[in-house]
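Each remark here refers to the structure printed beneath this line.
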Amino acid sequence: MRKTKPKKRQVLPDPIFGDRQVTKFVNHLMYDGKKNIAFAIFYEALDIVKAKMAEEEKSALEIWKAALDNITPQVEVKSRRIGGATFQVPTEIRPDRKESISMKNLILFARKRGGKTMADKLAAEILDAYNNQGGAFKRKEDMHRMAEANRAFAHFRF
């Protein structure tokens with residue numbers, strides 16, 4: 001490549017938990033630069049999770065992190081054209097991309113859910129992901145199944 005790679009920007013930790021991962025999630029959740037609204041939605045969703053999982057000894061933030069871990073894919077398939085044929089080649093995912101994919105999937109499937117507010121939908125999706133179910137978990141399982149089915153083409157790796 002001719003140009004140098006741009007430097008990775010460091011995101012600031014969020015004001016309540018002091019966690020950089022929360023800020024990254026809120027950045028994915030945000031529309032039109034409305035970060036305060038995105039933070040409000042996220043914190044309200046965590047409050048709903050805490051209320052629903054009152055008997056759980058974990059905090060709402062730990063439940064959210066466990067839910068993210070449950071929907072984080074390890075492998076994905078990428079299209080690779082070889083000799084006129086296109087193969088789906090399974091490849092491992094870099095750690096920062098894993099995190100980004102899991103956050104985007106959680107938000108995507110929360111937006112698709114039925115519910116009153118975005119905070120309700122997000123809380124419901126977090127609880128489903130924590131319990132290894134829901135749309136985001138299904139997406140991860142599908143990615144792994146696709147990679148397993150195309151394991152024969154792994155030698156075409158980039």
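All residue names refer to the structure tokens as shown: chains lettered A, B, ... in order, residues numbered from 1 in each chain, ligands numbered from 1 in order.
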
So which residues of region 7-112 of chain A fall under helix (DSSP H, G or I) by DSSP, listed as a ChimeraX atom specification?
/A:20-29,35-52,60-70,95-112

Env of Ala67 (chain A): 8 Å cut, atoms = only C-alpha atoms, seq-sep filter 6 positions within chain, self excluded. Answer as a list of chain:residue names.
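With the cut-off at 8 Å, the set is A:Ile126, A:Leu127, A:Asp128, A:Ala129, A:Tyr130, A:Asn131, A:Asn132.
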
Convert the current residue selection to file output with C-alpha atoms, as a PDB file, in the first residue's frame.
ATOM      1  CA  ILE A 126     -28.725  -8.214  26.059  1.00  0.00           C
ATOM      2  CA  LEU A 127     -30.646 -10.703  28.225  1.00  0.00           C
ATOM      3  CA  ASP A 128     -31.158 -13.035  25.249  1.00  0.00           C
ATOM      4  CA  ALA A 129     -27.469 -12.874  24.349  1.00  0.00           C
ATOM      5  CA  TYR A 130     -26.548 -13.530  27.992  1.00  0.00           C
ATOM      6  CA  ASN A 131     -28.747 -16.656  27.897  1.00  0.00           C
ATOM      7  CA  ASN A 132     -27.259 -17.825  24.553  1.00  0.00           C
TER       8      ASN A 132
END

Counting only C-alpha atoms, what is within 10 Å of Leu122 (chain A), bar same-chain residues fewer than 3 positions away, as a PyMOL selection string?
chain A and resi 41-42+44-46+48-49+106-113+115+117-119+125-128

Can I get the selected residues back with C-alpha atoms, as a short mmCIF file (atom, residue, chain, number, x, y, z; two decimals), in the first residue's frame?
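Saved to out20.cif:
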data_model
loop_
_atom_site.label_atom_id
_atom_site.label_comp_id
_atom_site.auth_asym_id
_atom_site.auth_seq_id
_atom_site.Cartn_x
_atom_site.Cartn_y
_atom_site.Cartn_z
CA ILE A 41 -30.46 4.66 26.06
CA PHE A 42 -27.53 2.43 27.08
CA GLU A 44 -31.46 2.88 30.84
CA ALA A 45 -31.08 -0.52 29.18
CA LEU A 46 -28.56 -1.55 31.86
CA ILE A 48 -33.72 -2.59 32.98
CA VAL A 49 -31.29 -5.54 32.86
CA LEU A 106 -26.32 -6.73 19.23
CA ILE A 107 -27.51 -3.27 18.19
CA LEU A 108 -28.85 -4.47 14.81
CA PHE A 109 -30.99 -7.20 16.32
CA ALA A 110 -32.11 -4.93 19.16
CA ARG A 111 -33.37 -2.42 16.59
CA LYS A 112 -35.29 -5.18 14.76
CA ARG A 113 -37.07 -6.34 17.93
CA GLY A 115 -40.81 -3.19 22.00
CA THR A 117 -38.40 2.05 23.51
CA MET A 118 -34.90 1.36 22.22
CA ALA A 119 -33.76 0.86 25.82
CA GLU A 125 -31.45 -8.42 23.38
CA ILE A 126 -28.72 -8.21 26.06
CA LEU A 127 -30.65 -10.70 28.23
CA ASP A 128 -31.16 -13.03 25.25
#

For the strand (DSSP E or B) assignment from backbone DSSP, which residues of region 84-148 of chain A qualify? Please present them as a list in words.
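So, restricting region 84-148 of chain A to strand (DSSP E or B), we get Ala85, Thr86, Phe87, Gln88, Val89, Pro90, Thr91 and Glu92 of chain A.
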
Please write the residues from the selection above to a file, keeping N, CA and C atoms, as a short mmCIF file (atom, residue, chain, number, x, y, z; two decimals), in the first residue's frame.
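Wrote it out as selection.cif, contents follow:
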data_model
loop_
_atom_site.label_atom_id
_atom_site.label_comp_id
_atom_site.auth_asym_id
_atom_site.auth_seq_id
_atom_site.Cartn_x
_atom_site.Cartn_y
_atom_site.Cartn_z
N ALA A 85 -13.79 -19.31 -10.20
CA ALA A 85 -14.77 -19.75 -9.20
C ALA A 85 -14.59 -18.91 -7.93
N THR A 86 -15.69 -18.64 -7.26
CA THR A 86 -15.64 -17.88 -6.01
C THR A 86 -15.82 -18.85 -4.84
N PHE A 87 -14.87 -18.85 -3.93
CA PHE A 87 -14.92 -19.72 -2.77
C PHE A 87 -15.15 -18.89 -1.51
N GLN A 88 -15.89 -19.45 -0.59
CA GLN A 88 -16.07 -18.85 0.72
C GLN A 88 -14.97 -19.41 1.61
N VAL A 89 -13.96 -18.58 1.89
CA VAL A 89 -12.79 -19.03 2.63
C VAL A 89 -12.92 -18.64 4.10
N PRO A 90 -12.90 -19.62 5.02
CA PRO A 90 -12.98 -19.26 6.44
C PRO A 90 -11.68 -18.64 6.93
N THR A 91 -11.77 -17.51 7.64
CA THR A 91 -10.59 -16.84 8.18
C THR A 91 -10.87 -16.44 9.62
N GLU A 92 -9.82 -16.39 10.42
CA GLU A 92 -9.97 -15.92 11.79
C GLU A 92 -10.14 -14.41 11.78
#

Closest to Ala123 (chain A) among A:Ile63, A:Gln10, A:Glu56, A:Ile37, using only C-alpha atoms?
A:Ile63
